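One file, work30.txt, is given below (compact mmCIF, N, CA and C atoms).
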# COMPACT_ATOMS: atom_id res chain seq x y z
N MET A 1 41.69 -3.64 36.53
CA MET A 1 41.38 -4.64 35.53
C MET A 1 39.87 -4.87 35.44
N PHE A 2 39.22 -4.92 36.60
CA PHE A 2 37.79 -5.16 36.65
C PHE A 2 37.02 -4.02 35.97
N ILE A 3 37.48 -2.79 36.14
CA ILE A 3 36.83 -1.62 35.54
C ILE A 3 36.93 -1.68 34.02
N LYS A 4 38.08 -2.12 33.50
CA LYS A 4 38.25 -2.24 32.04
C LYS A 4 37.29 -3.26 31.46
N LYS A 5 37.14 -4.41 32.14
CA LYS A 5 36.21 -5.44 31.65
C LYS A 5 34.77 -4.94 31.67
N LYS A 6 34.44 -4.20 32.71
CA LYS A 6 33.09 -3.65 32.83
C LYS A 6 32.83 -2.66 31.70
N LYS A 7 33.81 -1.78 31.40
CA LYS A 7 33.66 -0.83 30.31
C LYS A 7 33.57 -1.54 28.96
N ILE A 8 34.35 -2.59 28.80
CA ILE A 8 34.31 -3.36 27.55
C ILE A 8 32.94 -4.03 27.39
N ASN A 9 32.40 -4.55 28.47
CA ASN A 9 31.07 -5.18 28.40
C ASN A 9 29.99 -4.15 28.04
N ILE A 10 30.09 -2.98 28.64
CA ILE A 10 29.12 -1.91 28.33
C ILE A 10 29.24 -1.50 26.87
N LEU A 11 30.48 -1.33 26.43
CA LEU A 11 30.71 -0.96 25.04
C LEU A 11 30.23 -2.05 24.08
N SER A 12 30.47 -3.29 24.42
CA SER A 12 30.03 -4.42 23.59
C SER A 12 28.51 -4.46 23.48
N LYS A 13 27.82 -4.23 24.59
CA LYS A 13 26.35 -4.20 24.57
C LYS A 13 25.83 -3.05 23.72
N ALA A 14 26.49 -1.90 23.83
CA ALA A 14 26.07 -0.74 23.04
C ALA A 14 26.26 -0.99 21.56
N VAL A 15 27.37 -1.60 21.19
CA VAL A 15 27.62 -1.92 19.78
C VAL A 15 26.60 -2.95 19.28
N SER A 16 26.29 -3.94 20.10
CA SER A 16 25.29 -4.95 19.72
C SER A 16 23.92 -4.31 19.49
N GLU A 17 23.53 -3.41 20.39
CA GLU A 17 22.24 -2.72 20.24
C GLU A 17 22.22 -1.85 18.99
N LEU A 18 23.32 -1.16 18.72
CA LEU A 18 23.42 -0.34 17.52
C LEU A 18 23.33 -1.21 16.27
N ASN A 19 24.01 -2.34 16.27
CA ASN A 19 23.96 -3.25 15.14
C ASN A 19 22.55 -3.77 14.92
N LYS A 20 21.87 -4.13 15.99
CA LYS A 20 20.50 -4.63 15.89
C LYS A 20 19.57 -3.55 15.33
N THR A 21 19.72 -2.32 15.80
CA THR A 21 18.90 -1.21 15.32
C THR A 21 19.13 -0.95 13.84
N LEU A 22 20.38 -0.98 13.41
CA LEU A 22 20.68 -0.75 11.99
C LEU A 22 20.14 -1.87 11.12
N GLN A 23 20.17 -3.10 11.58
CA GLN A 23 19.64 -4.22 10.81
C GLN A 23 18.12 -4.15 10.71
N GLU A 24 17.46 -3.78 11.78
CA GLU A 24 16.00 -3.67 11.76
C GLU A 24 15.54 -2.55 10.83
N GLY A 25 16.30 -1.49 10.73
CA GLY A 25 15.92 -0.35 9.91
C GLY A 25 16.40 -0.46 8.47
N ASN A 26 16.99 -1.61 8.09
CA ASN A 26 17.52 -1.80 6.73
C ASN A 26 18.44 -0.66 6.33
N PHE A 27 19.30 -0.26 7.23
CA PHE A 27 20.19 0.87 7.01
C PHE A 27 21.16 0.61 5.86
N VAL A 28 21.65 -0.62 5.77
CA VAL A 28 22.61 -0.95 4.72
C VAL A 28 21.95 -0.82 3.35
N GLU A 29 20.73 -1.32 3.23
CA GLU A 29 20.02 -1.23 1.95
C GLU A 29 19.72 0.23 1.60
N LEU A 30 19.35 1.02 2.59
CA LEU A 30 19.06 2.42 2.33
C LEU A 30 20.29 3.19 1.87
N THR A 31 21.43 2.91 2.47
CA THR A 31 22.65 3.60 2.03
C THR A 31 23.04 3.16 0.63
N TYR A 32 22.77 1.91 0.29
CA TYR A 32 23.06 1.43 -1.06
C TYR A 32 22.18 2.15 -2.08
N LEU A 33 20.90 2.31 -1.73
CA LEU A 33 19.97 2.97 -2.65
C LEU A 33 20.30 4.44 -2.84
N ILE A 34 20.70 5.09 -1.75
CA ILE A 34 21.03 6.51 -1.85
C ILE A 34 22.23 6.70 -2.77
N GLY A 35 23.17 5.78 -2.72
CA GLY A 35 24.36 5.89 -3.56
C GLY A 35 24.10 5.55 -5.01
N ASN A 36 23.10 4.73 -5.30
CA ASN A 36 22.83 4.29 -6.67
C ASN A 36 21.53 4.91 -7.17
N LYS A 37 21.64 6.05 -7.83
CA LYS A 37 20.46 6.81 -8.27
C LYS A 37 19.67 6.05 -9.34
N LYS A 38 20.36 5.36 -10.24
CA LYS A 38 19.67 4.65 -11.32
C LYS A 38 18.77 3.55 -10.76
N GLU A 39 19.27 2.81 -9.80
CA GLU A 39 18.46 1.74 -9.21
C GLU A 39 17.28 2.32 -8.43
N MET A 40 17.49 3.45 -7.76
CA MET A 40 16.41 4.08 -7.02
C MET A 40 15.29 4.53 -7.97
N ILE A 41 15.66 5.09 -9.12
CA ILE A 41 14.66 5.52 -10.10
C ILE A 41 13.90 4.33 -10.64
N ILE A 42 14.60 3.26 -10.99
CA ILE A 42 13.94 2.07 -11.53
C ILE A 42 13.00 1.46 -10.50
N ARG A 43 13.47 1.37 -9.25
CA ARG A 43 12.62 0.77 -8.20
C ARG A 43 11.36 1.60 -7.97
N ASN A 44 11.49 2.92 -7.94
CA ASN A 44 10.32 3.78 -7.75
C ASN A 44 9.38 3.73 -8.94
N LEU A 45 9.93 3.62 -10.15
CA LEU A 45 9.09 3.51 -11.34
C LEU A 45 8.26 2.23 -11.31
N ILE A 46 8.90 1.13 -10.99
CA ILE A 46 8.18 -0.15 -10.93
C ILE A 46 7.13 -0.12 -9.82
N ALA A 47 7.48 0.44 -8.67
CA ALA A 47 6.50 0.54 -7.57
C ALA A 47 5.31 1.39 -7.97
N GLY A 48 5.56 2.49 -8.68
CA GLY A 48 4.46 3.35 -9.13
C GLY A 48 3.55 2.65 -10.13
N ILE A 49 4.15 1.89 -11.04
CA ILE A 49 3.35 1.15 -12.03
C ILE A 49 2.43 0.15 -11.33
N PHE A 50 2.99 -0.61 -10.40
CA PHE A 50 2.17 -1.62 -9.71
C PHE A 50 1.12 -0.97 -8.81
N ARG A 51 1.43 0.18 -8.21
CA ARG A 51 0.43 0.89 -7.42
C ARG A 51 -0.74 1.32 -8.30
N GLY A 52 -0.41 1.84 -9.48
CA GLY A 52 -1.45 2.26 -10.41
C GLY A 52 -2.33 1.11 -10.86
N ILE A 53 -1.71 -0.03 -11.17
CA ILE A 53 -2.48 -1.22 -11.57
C ILE A 53 -3.38 -1.67 -10.43
N GLY A 54 -2.86 -1.66 -9.21
CA GLY A 54 -3.66 -2.07 -8.05
C GLY A 54 -4.86 -1.16 -7.82
N ILE A 55 -4.64 0.13 -7.98
CA ILE A 55 -5.75 1.08 -7.81
C ILE A 55 -6.80 0.84 -8.89
N GLY A 56 -6.37 0.63 -10.12
CA GLY A 56 -7.31 0.39 -11.22
C GLY A 56 -8.15 -0.86 -10.98
N ILE A 57 -7.51 -1.94 -10.56
CA ILE A 57 -8.24 -3.18 -10.30
C ILE A 57 -9.19 -2.99 -9.12
N GLY A 58 -8.74 -2.33 -8.07
CA GLY A 58 -9.58 -2.11 -6.90
C GLY A 58 -10.82 -1.30 -7.20
N VAL A 59 -10.65 -0.23 -7.96
CA VAL A 59 -11.80 0.62 -8.32
C VAL A 59 -12.78 -0.17 -9.18
N THR A 60 -12.26 -0.97 -10.11
CA THR A 60 -13.13 -1.77 -10.97
C THR A 60 -13.96 -2.76 -10.16
N VAL A 61 -13.34 -3.46 -9.23
CA VAL A 61 -14.05 -4.44 -8.41
C VAL A 61 -15.10 -3.77 -7.54
N ILE A 62 -14.74 -2.67 -6.89
CA ILE A 62 -15.70 -1.98 -6.03
C ILE A 62 -16.88 -1.43 -6.83
N THR A 63 -16.61 -0.88 -8.02
CA THR A 63 -17.69 -0.37 -8.87
C THR A 63 -18.61 -1.50 -9.31
N ALA A 64 -18.04 -2.64 -9.67
CA ALA A 64 -18.87 -3.78 -10.09
C ALA A 64 -19.76 -4.25 -8.95
N ILE A 65 -19.21 -4.30 -7.75
CA ILE A 65 -20.02 -4.72 -6.59
C ILE A 65 -21.14 -3.72 -6.33
N LEU A 66 -20.84 -2.44 -6.41
CA LEU A 66 -21.88 -1.42 -6.18
C LEU A 66 -22.99 -1.51 -7.23
N ILE A 67 -22.61 -1.69 -8.49
CA ILE A 67 -23.62 -1.81 -9.55
C ILE A 67 -24.49 -3.04 -9.32
N TYR A 68 -23.88 -4.14 -8.91
CA TYR A 68 -24.64 -5.37 -8.63
C TYR A 68 -25.65 -5.13 -7.50
N ILE A 69 -25.19 -4.47 -6.43
CA ILE A 69 -26.09 -4.19 -5.30
C ILE A 69 -27.21 -3.25 -5.73
N LEU A 70 -26.88 -2.23 -6.52
CA LEU A 70 -27.91 -1.29 -6.98
C LEU A 70 -28.93 -1.99 -7.88
N GLN A 71 -28.49 -2.92 -8.71
CA GLN A 71 -29.44 -3.65 -9.56
C GLN A 71 -30.38 -4.49 -8.71
N LYS A 72 -29.87 -5.09 -7.63
CA LYS A 72 -30.73 -5.89 -6.74
C LYS A 72 -31.75 -4.99 -6.03
N ILE A 73 -31.34 -3.77 -5.65
CA ILE A 73 -32.26 -2.84 -5.00
C ILE A 73 -33.36 -2.42 -5.96
N VAL A 74 -33.01 -2.23 -7.24
CA VAL A 74 -34.02 -1.85 -8.24
C VAL A 74 -35.06 -2.95 -8.38
N MET A 75 -34.65 -4.19 -8.29
CA MET A 75 -35.59 -5.32 -8.43
C MET A 75 -36.57 -5.41 -7.26
N LEU A 76 -36.26 -4.74 -6.15
CA LEU A 76 -37.19 -4.74 -5.01
C LEU A 76 -38.37 -3.81 -5.24
N ASN A 77 -38.29 -2.98 -6.27
CA ASN A 77 -39.36 -2.04 -6.65
C ASN A 77 -39.75 -1.09 -5.51
N ILE A 78 -38.78 -0.50 -4.88
CA ILE A 78 -39.05 0.56 -3.90
C ILE A 78 -39.30 1.82 -4.72
N PRO A 79 -40.47 2.48 -4.57
CA PRO A 79 -40.89 3.53 -5.51
C PRO A 79 -39.87 4.63 -5.78
N ILE A 80 -39.47 5.39 -4.82
CA ILE A 80 -38.61 6.56 -5.05
C ILE A 80 -37.16 6.12 -5.27
N ILE A 81 -36.67 5.27 -4.40
CA ILE A 81 -35.27 4.83 -4.49
C ILE A 81 -35.05 4.01 -5.75
N GLY A 82 -36.00 3.16 -6.10
CA GLY A 82 -35.86 2.31 -7.27
C GLY A 82 -35.69 3.10 -8.56
N GLU A 83 -36.48 4.17 -8.72
CA GLU A 83 -36.38 5.00 -9.93
C GLU A 83 -35.03 5.71 -9.99
N TYR A 84 -34.61 6.24 -8.86
CA TYR A 84 -33.33 6.96 -8.81
C TYR A 84 -32.17 6.02 -9.13
N ILE A 85 -32.18 4.85 -8.54
CA ILE A 85 -31.10 3.89 -8.77
C ILE A 85 -31.15 3.35 -10.19
N SER A 86 -32.35 3.13 -10.71
CA SER A 86 -32.43 2.64 -12.09
C SER A 86 -31.87 3.67 -13.07
N ASP A 87 -32.05 4.96 -12.78
CA ASP A 87 -31.44 6.00 -13.61
C ASP A 87 -29.91 5.93 -13.55
N ILE A 88 -29.38 5.73 -12.36
CA ILE A 88 -27.93 5.62 -12.20
C ILE A 88 -27.40 4.41 -12.95
N VAL A 89 -28.06 3.26 -12.79
CA VAL A 89 -27.61 2.04 -13.47
C VAL A 89 -27.71 2.22 -14.98
N GLU A 90 -28.75 2.88 -15.45
CA GLU A 90 -28.92 3.12 -16.89
C GLU A 90 -27.78 3.99 -17.43
N ILE A 91 -27.41 5.03 -16.70
CA ILE A 91 -26.31 5.90 -17.11
C ILE A 91 -25.00 5.12 -17.20
N VAL A 92 -24.75 4.27 -16.19
CA VAL A 92 -23.54 3.46 -16.19
C VAL A 92 -23.54 2.47 -17.35
N GLU A 93 -24.68 1.86 -17.61
CA GLU A 93 -24.78 0.90 -18.71
C GLU A 93 -24.52 1.58 -20.06
N ARG A 94 -25.02 2.82 -20.23
CA ARG A 94 -24.80 3.54 -21.49
C ARG A 94 -23.34 3.93 -21.67
N SER A 95 -22.65 4.20 -20.59
CA SER A 95 -21.25 4.65 -20.71
C SER A 95 -20.29 3.50 -21.01
N ARG A 96 -20.73 2.27 -20.92
CA ARG A 96 -19.86 1.13 -21.22
C ARG A 96 -19.62 1.08 -22.66

Turn the structure described in the file into structure tokens.
Amino acid sequence: MFIKKKKINILSKAVSELNKTLQEGNFVELTYLIGNKKEMIIRNLIAGIFRGIGIGIGVTVITAILIYILQKIVMLNIPIIGEYISDIVEIVERSR
């Protein structure tokens, strides 16, 4: 009788660990997505759109910051660097 209880306890712990692992890995959600192709396509499409928007906004902000810094460097009137940077800023201003 004692051996059966010990085996049941071991089995219960193993099932609990398996359940915990499956919950942490979102296994149920993944199996649902694999079965539903239409929802998977829609979810990936929306994720791609938002990724693209995020990249566009990020590039715009970083470019604006770089142009601002370059304009400040030009105002310092460093002979060689100032002319080179002013040419870059001028090219960017013309392309707007």

So the first atom is atom C of Ile67 (chain A) and the second is atom N of Phe50 (chain A); what is the distance between them in Å, to one decimal place?
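For atom C of Ile67 (chain A) relative to atom N of Phe50 (chain A), the distance reads 27.6 Å.
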
What does the distance between atom N of Leu76 (chain A) and atom N of Val59 (chain A) come to in Å, to one decimal place?
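Computing it gives 26.1 Å between the two atoms.
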
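One distance worth recording is that between atom N of Gly48 (chain A) and atom N of Val61 (chain A), which is 19.8 Å.
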
So that I can see what lies close to Gln71 (chain A), please list as a list in words the residues with an atom at most 8 Å from it, counting only N, CA and C atoms and leaving out residues fewer than 5 positions away in the same chain.
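Near neighbours after the sequence-gap exclusion: Ile65, Leu66, Leu76, Ile85, Ser86 and Val89 of chain A.
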